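Below: run09.cif (mmCIF, C-alpha atoms and all ligand atoms)
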```cif
data_structure
#
loop_
_atom_site.label_atom_id
_atom_site.label_comp_id
_atom_site.auth_asym_id
_atom_site.auth_seq_id
_atom_site.Cartn_x
_atom_site.Cartn_y
_atom_site.Cartn_z
CA MET A 1 -9.09 -0.26 -13.07
CA SER A 2 -9.34 2.70 -15.40
CA GLY A 3 -6.30 4.87 -16.13
CA VAL A 4 -3.90 2.00 -15.48
CA ILE A 5 -1.19 1.28 -18.03
CA LEU A 6 1.06 -1.78 -18.25
CA ASP A 7 4.66 -0.91 -19.13
CA LEU A 8 8.15 -2.36 -19.07
CA MET A 9 10.03 -1.50 -15.90
CA SER A 10 12.93 0.87 -16.47
CA GLU A 11 15.63 2.36 -14.29
CA LYS A 12 13.64 5.56 -13.75
CA ASP A 13 10.88 3.49 -12.10
CA LEU A 14 13.16 2.04 -9.45
CA ASP A 15 12.64 4.64 -6.69
CA ALA A 16 8.91 3.86 -6.69
CA VAL A 17 9.44 0.12 -7.12
CA VAL A 18 11.92 -0.08 -4.23
CA CYS A 19 9.51 1.91 -2.07
CA ILE A 20 6.73 -0.65 -2.67
CA GLU A 21 9.25 -3.48 -2.26
CA ASN A 22 10.33 -2.19 1.17
CA ALA A 23 6.71 -1.92 2.27
CA SER A 24 5.95 -5.45 1.05
CA PHE A 25 8.74 -7.84 2.04
CA THR A 26 10.72 -8.58 5.19
CA HIS A 27 13.80 -9.22 3.02
CA PRO A 28 13.31 -6.75 0.20
CA TRP A 29 15.41 -6.67 -2.95
CA SER A 30 17.80 -3.73 -3.10
CA ARG A 31 17.87 -1.24 -5.94
CA SER A 32 20.93 -3.03 -7.33
CA ALA A 33 19.06 -6.35 -7.30
CA PHE A 34 16.38 -4.76 -9.50
CA LEU A 35 19.06 -3.19 -11.70
CA SER A 36 20.64 -6.58 -12.21
CA GLU A 37 17.20 -8.02 -13.08
CA LEU A 38 16.73 -5.25 -15.66
CA SER A 39 19.95 -6.28 -17.37
CA ASN A 40 19.20 -10.02 -17.27
CA GLU A 41 18.31 -11.20 -20.76
CA TYR A 42 15.93 -13.86 -19.41
CA SER A 43 14.07 -11.48 -17.15
CA HIS A 44 10.72 -9.79 -17.78
CA ASN A 45 10.05 -6.81 -15.54
CA LEU A 46 6.74 -5.00 -15.71
CA VAL A 47 5.06 -2.12 -13.92
CA LEU A 48 1.48 -0.88 -13.65
CA LYS A 49 1.19 2.89 -13.86
CA LEU A 50 -1.84 4.81 -12.68
CA GLU A 51 -2.09 7.98 -14.75
CA ASN A 52 -2.82 11.07 -12.66
CA SER A 53 -2.73 13.34 -15.72
CA PRO A 54 -1.39 12.87 -19.26
CA GLU A 55 2.08 13.79 -17.96
CA THR A 56 2.19 12.24 -14.48
CA TYR A 57 1.68 8.77 -13.16
CA GLN A 58 2.18 6.69 -10.03
CA ILE A 59 3.56 3.15 -10.03
CA ILE A 60 1.09 0.97 -8.17
CA ALA A 61 2.38 -2.56 -8.85
CA TYR A 62 5.21 -4.51 -10.43
CA MET A 63 6.09 -8.03 -11.39
CA CYS A 64 9.36 -9.79 -12.28
CA TYR A 65 9.71 -13.20 -13.86
CA ARG A 66 12.43 -15.10 -15.67
CA VAL A 67 11.98 -17.47 -18.54
CA THR A 68 14.37 -20.41 -18.57
CA GLY A 69 13.68 -23.32 -20.88
CA ASP A 70 9.97 -24.14 -20.84
CA ASP A 71 9.23 -22.44 -17.53
CA ALA A 72 8.48 -18.92 -16.39
CA HIS A 73 9.73 -18.45 -12.85
CA ILE A 74 7.72 -15.76 -11.09
CA LEU A 75 10.11 -13.97 -8.75
CA LYS A 76 8.04 -11.03 -7.53
CA ILE A 77 4.63 -9.50 -7.67
CA ALA A 78 3.69 -6.67 -5.36
CA VAL A 79 0.99 -4.01 -5.17
CA HIS A 80 1.31 -0.65 -3.41
CA PRO A 81 -0.31 -1.08 0.05
CA GLU A 82 -2.92 1.60 -0.68
CA TYR A 83 -4.15 -0.24 -3.78
CA ARG A 84 -4.48 -3.76 -2.41
CA ARG A 85 -7.69 -5.85 -2.35
CA LYS A 86 -9.02 -4.23 -5.51
CA GLY A 87 -8.25 -7.13 -7.86
CA ILE A 88 -5.14 -5.43 -9.28
CA ALA A 89 -2.67 -8.31 -8.72
CA PHE A 90 -5.16 -10.85 -10.04
CA GLU A 91 -5.76 -8.87 -13.24
CA PHE A 92 -2.04 -8.16 -13.68
CA LEU A 93 -1.05 -11.80 -13.18
CA THR A 94 -3.92 -13.08 -15.35
CA HIS A 95 -2.78 -10.84 -18.19
CA CYS A 96 0.85 -12.01 -17.95
CA LEU A 97 -0.08 -15.69 -17.60
CA ALA A 98 -2.36 -15.50 -20.65
CA LEU A 99 0.58 -14.41 -22.81
CA MET A 100 2.91 -17.19 -21.66
CA PRO A 101 1.58 -20.11 -23.72
CA THR A 102 1.71 -17.93 -26.82
CA ARG A 103 5.45 -17.61 -26.14
CA ARG A 104 5.89 -21.39 -25.90
CA ILE A 105 6.13 -21.33 -22.11
CA ARG A 106 4.71 -24.60 -20.78
CA SER A 107 4.35 -23.75 -17.11
CA ALA A 108 4.75 -20.99 -14.55
CA ILE A 109 6.43 -21.77 -11.24
CA LEU A 110 7.03 -19.88 -8.02
CA GLU A 111 7.91 -20.14 -4.35
CA VAL A 112 5.88 -18.57 -1.59
CA ARG A 113 6.17 -18.49 2.18
CA GLN A 114 3.75 -20.69 4.08
CA PHE A 115 2.16 -17.79 5.99
CA ASN A 116 1.88 -15.45 3.02
CA LEU A 117 -1.86 -15.99 2.81
CA ALA A 118 -2.40 -13.10 0.39
CA GLY A 119 0.21 -14.52 -2.00
CA ILE A 120 -1.07 -18.09 -1.71
CA GLY A 121 -4.67 -16.92 -2.21
CA LEU A 122 -3.69 -14.92 -5.28
CA TYR A 123 -1.81 -17.83 -6.82
CA LYS A 124 -4.54 -20.38 -6.12
CA LYS A 125 -7.15 -18.06 -7.62
CA SER A 126 -4.87 -17.72 -10.67
CA GLY A 127 -4.80 -21.48 -11.21
CA PHE A 128 -1.55 -22.48 -9.48
CA ALA A 129 -1.45 -25.78 -7.60
CA ILE A 130 0.86 -26.72 -4.76
CA GLU A 131 3.62 -29.01 -6.01
CA ALA A 132 5.73 -29.38 -2.87
CA GLN A 133 6.20 -27.94 0.58
CA LEU A 134 9.66 -27.92 2.16
CA PRO A 135 9.61 -27.59 5.96
CA LYS A 136 11.34 -24.73 7.76
CA TYR A 137 13.06 -23.54 4.59
CA TYR A 138 13.36 -19.87 5.64
CA SER A 139 15.89 -19.45 8.41
CA ASP A 140 14.45 -16.13 9.67
CA THR A 141 10.90 -17.28 10.47
CA ARG A 142 11.33 -21.07 10.14
CA GLU A 143 8.45 -20.99 7.65
CA ASP A 144 8.01 -23.69 5.04
CA VAL A 145 8.47 -22.80 1.39
CA ILE A 146 5.55 -23.75 -0.84
CA LEU A 147 6.38 -24.52 -4.46
CA MET A 148 3.50 -23.88 -6.87
CA ARG A 149 3.01 -24.50 -10.57
CA LYS A 150 0.50 -23.65 -13.25
CA ASN A 151 0.65 -25.83 -16.36
CA PHE A 152 -0.42 -24.39 -19.68
CA LEU A 153 -0.32 -27.67 -21.62
CA LYS A 154 -4.03 -28.39 -21.39
CA GLU A 155 -4.76 -24.82 -22.51
CA GLU A 156 -2.68 -25.11 -25.72
C1 LIG A 201 -0.11 -10.57 -2.67
C2 LIG A 201 -0.52 -9.24 -3.28
C3 LIG A 201 0.35 -8.99 -4.53
C4 LIG A 201 -2.01 -9.28 -3.68
O1 LIG A 201 -2.34 -8.06 -4.35
P1 LIG A 201 -3.86 -7.52 -4.43
O2 LIG A 201 -3.93 -6.60 -5.60
O3 LIG A 201 -4.26 -6.99 -3.11
O4 LIG A 201 -4.65 -8.88 -4.71
P2 LIG A 201 -6.10 -8.99 -5.39
O5 LIG A 201 -6.98 -7.92 -4.87
O6 LIG A 201 -5.95 -9.11 -6.85
O7 LIG A 201 -6.62 -10.38 -4.78
C5 LIG A 201 -6.57 -11.60 -5.52
C6 LIG A 201 -6.75 -12.76 -4.55
O8 LIG A 201 -5.62 -12.84 -3.68
C7 LIG A 201 -6.04 -13.25 -2.37
N1 LIG A 201 -5.74 -12.19 -1.40
C8 LIG A 201 -5.30 -10.94 -1.67
N2 LIG A 201 -5.05 -10.28 -0.52
C9 LIG A 201 -5.36 -11.13 0.47
C10 LIG A 201 -5.27 -11.04 1.88
N3 LIG A 201 -4.86 -9.91 2.48
N4 LIG A 201 -5.62 -12.12 2.63
C11 LIG A 201 -6.04 -13.27 2.03
N5 LIG A 201 -6.13 -13.41 0.67
C12 LIG A 201 -5.79 -12.36 -0.08
C13 LIG A 201 -7.53 -13.51 -2.45
O9 LIG A 201 -7.69 -14.87 -2.82
C14 LIG A 201 -7.94 -12.60 -3.60
O10 LIG A 201 -9.10 -13.05 -4.25
P3 LIG A 201 -10.54 -12.51 -3.72
O11 LIG A 201 -10.49 -11.02 -3.82
O12 LIG A 201 -11.51 -13.12 -4.67
O13 LIG A 201 -10.67 -12.97 -2.29
C15 LIG A 201 -0.34 -8.05 -2.27
O14 LIG A 201 -0.97 -8.41 -1.04
C16 LIG A 201 1.10 -7.72 -1.99
O15 LIG A 201 1.70 -6.89 -2.70
N6 LIG A 201 1.69 -8.36 -0.97
C17 LIG A 201 3.10 -8.16 -0.62
C18 LIG A 201 4.00 -8.82 -1.66
C19 LIG A 201 3.76 -10.32 -1.76
O16 LIG A 201 3.60 -11.02 -0.77
N7 LIG A 201 3.76 -10.83 -3.02
C20 LIG A 201 3.50 -12.25 -3.29
C21 LIG A 201 4.72 -13.09 -3.12
S1 LIG A 201 6.00 -12.63 -4.28
#
```
Final structure tokens representation of the file:
Amino acid sequence: MSGVILDLMSEKDLDAVVCIENASFTHPWSRSAFLSELSNEYSHNLVLKLENSPETYQIIAYMCYRVTGDDAHILKIAVHPEYRRKGIAFEFLTHCLALMPTRRIRSAILEVRQFNLAGIGLYKKSGFAIEAQLPKYYSDTREDVILMRKNFLKEE
């Protein structure tokens, strides 16, 4: 998508990020949860900015992941509802995943709700495979949690 810039998330982005978060999840992270992520030394927090003019932009997507040991744990990826189904999440995730093996990360892992078909579709398309499924893990909806992993070893 033209006019889109990848940037590190900063505190000034949080109003827009929390707005997308609230529109995307039934149990959204609070502003303070994002603030704590921003100060976590293991955390990588990125935003996609759509430039409206050289001085103004709109945040259209974000992603948070933590690197611990050999693994990158993907905690969040969300796209503004008006910009979905345009390939933005796939491109964003593909870009981040491509950098991981160059940083000695051996695999990326994540959890996703069983009925989050958009999330599961995105992750499968990005090369993640289901590693385990734990029944009725989420107490609110009684959904299973699906654990997924993408190994980079064969790509090294
Ligand atoms: C999941 C999400 C990030 C996808 O963003 P997106 O930019 O619309 O996704 P893309 O257009 O890049 O689609 C990539 C693939 O994801 C899957 N997908 C995306 N939206 C889908 C939907 N509504 N239903 C089924 N599959 C979907 C498809 O496999 C798609 O590939 P295709 O276009 O070849 O069919 C977005 O729907 C979102 O923000 N959801 C709320 C937050 C969330 O659930 N995040 C994931 C868990 S942390």
Practice problem: Could I get the residue neighbourhood of ligand LIG 201 (chain A) at 9 Å, counting only C-alpha atoms and all ligand atoms, as a PyMOL selection string? | Solution: chain A and resi 20-21+23-25+61-63+74-81+83-93+110-113+116-126
Residues from last step as file, C-alpha atoms, as a PDB file, in the coordinates of the input:
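This went into part21.pdb:
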```pdb
ATOM      1  CA  ILE A  20       6.730  -0.650  -2.670  1.00  0.00           C
ATOM      2  CA  GLU A  21       9.250  -3.480  -2.260  1.00  0.00           C
ATOM      3  CA  ALA A  23       6.710  -1.920   2.270  1.00  0.00           C
ATOM      4  CA  SER A  24       5.950  -5.450   1.050  1.00  0.00           C
ATOM      5  CA  PHE A  25       8.740  -7.840   2.040  1.00  0.00           C
ATOM      6  CA  ALA A  61       2.380  -2.560  -8.850  1.00  0.00           C
ATOM      7  CA  TYR A  62       5.210  -4.510 -10.430  1.00  0.00           C
ATOM      8  CA  MET A  63       6.090  -8.030 -11.390  1.00  0.00           C
ATOM      9  CA  ILE A  74       7.720 -15.760 -11.090  1.00  0.00           C
ATOM     10  CA  LEU A  75      10.110 -13.970  -8.750  1.00  0.00           C
ATOM     11  CA  LYS A  76       8.040 -11.030  -7.530  1.00  0.00           C
ATOM     12  CA  ILE A  77       4.630  -9.500  -7.670  1.00  0.00           C
ATOM     13  CA  ALA A  78       3.690  -6.670  -5.360  1.00  0.00           C
ATOM     14  CA  VAL A  79       0.990  -4.010  -5.170  1.00  0.00           C
ATOM     15  CA  HIS A  80       1.310  -0.650  -3.410  1.00  0.00           C
ATOM     16  CA  PRO A  81      -0.310  -1.080   0.050  1.00  0.00           C
ATOM     17  CA  TYR A  83      -4.150  -0.240  -3.780  1.00  0.00           C
ATOM     18  CA  ARG A  84      -4.480  -3.760  -2.410  1.00  0.00           C
ATOM     19  CA  ARG A  85      -7.690  -5.850  -2.350  1.00  0.00           C
ATOM     20  CA  LYS A  86      -9.020  -4.230  -5.510  1.00  0.00           C
ATOM     21  CA  GLY A  87      -8.250  -7.130  -7.860  1.00  0.00           C
ATOM     22  CA  ILE A  88      -5.140  -5.430  -9.280  1.00  0.00           C
ATOM     23  CA  ALA A  89      -2.670  -8.310  -8.720  1.00  0.00           C
ATOM     24  CA  PHE A  90      -5.160 -10.850 -10.040  1.00  0.00           C
ATOM     25  CA  GLU A  91      -5.760  -8.870 -13.240  1.00  0.00           C
ATOM     26  CA  PHE A  92      -2.040  -8.160 -13.680  1.00  0.00           C
ATOM     27  CA  LEU A  93      -1.050 -11.800 -13.180  1.00  0.00           C
ATOM     28  CA  LEU A 110       7.030 -19.880  -8.020  1.00  0.00           C
ATOM     29  CA  GLU A 111       7.910 -20.140  -4.350  1.00  0.00           C
ATOM     30  CA  VAL A 112       5.880 -18.570  -1.590  1.00  0.00           C
ATOM     31  CA  ARG A 113       6.170 -18.490   2.180  1.00  0.00           C
ATOM     32  CA  ASN A 116       1.880 -15.450   3.020  1.00  0.00           C
ATOM     33  CA  LEU A 117      -1.860 -15.990   2.810  1.00  0.00           C
ATOM     34  CA  ALA A 118      -2.400 -13.100   0.390  1.00  0.00           C
ATOM     35  CA  GLY A 119       0.210 -14.520  -2.000  1.00  0.00           C
ATOM     36  CA  ILE A 120      -1.070 -18.090  -1.710  1.00  0.00           C
ATOM     37  CA  GLY A 121      -4.670 -16.920  -2.210  1.00  0.00           C
ATOM     38  CA  LEU A 122      -3.690 -14.920  -5.280  1.00  0.00           C
ATOM     39  CA  TYR A 123      -1.810 -17.830  -6.820  1.00  0.00           C
ATOM     40  CA  LYS A 124      -4.540 -20.380  -6.120  1.00  0.00           C
ATOM     41  CA  LYS A 125      -7.150 -18.060  -7.620  1.00  0.00           C
ATOM     42  CA  SER A 126      -4.870 -17.720 -10.670  1.00  0.00           C
TER      43      SER A 126
END
```
Quiz item: So which one's closest to Cys96 in chain A, A:Ser32, A:His44, A:Asp144, A:Met9? Using all atoms listed in the file, please.
Solution: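 Of A:Ser32, A:His44, A:Asp144, A:Met9, the one nearest Cys96 in chain A is A:His44, counting all atoms listed in the file.
The space separating CA of Ser107 in chain A from CA of Arg149 in chain A comes to 6.7 Å.
Atom pair CA of Pro101 in chain A / CA of Gly69 in chain A: separated by 12.8 Å.
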Quiz item: What is the CA of Arg66 in chain A-CA of Asn40 in chain A distance in Å, reported with one decimal?
Solution: 8.6 Å
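A search radius of 12 Å centred on (17.9, 0.9, -11.2), applied to only C-alpha atoms, returns the residues Met9, Ser10, Glu11, Lys12, Asp13, Leu14, Asp15, Ala16, Val17, Val18, Trp29, Ser30, Arg31, Ser32, Ala33, Phe34, Leu35, Ser36, Glu37, Leu38, Ser39 and Asn45 of chain A.
Here the question is which of A:Ser53, A:Asp7, A:Met1, A:Phe152 gets nearest to Ala98 in chain A using all atoms listed in the file, and that residue is A:Phe152.
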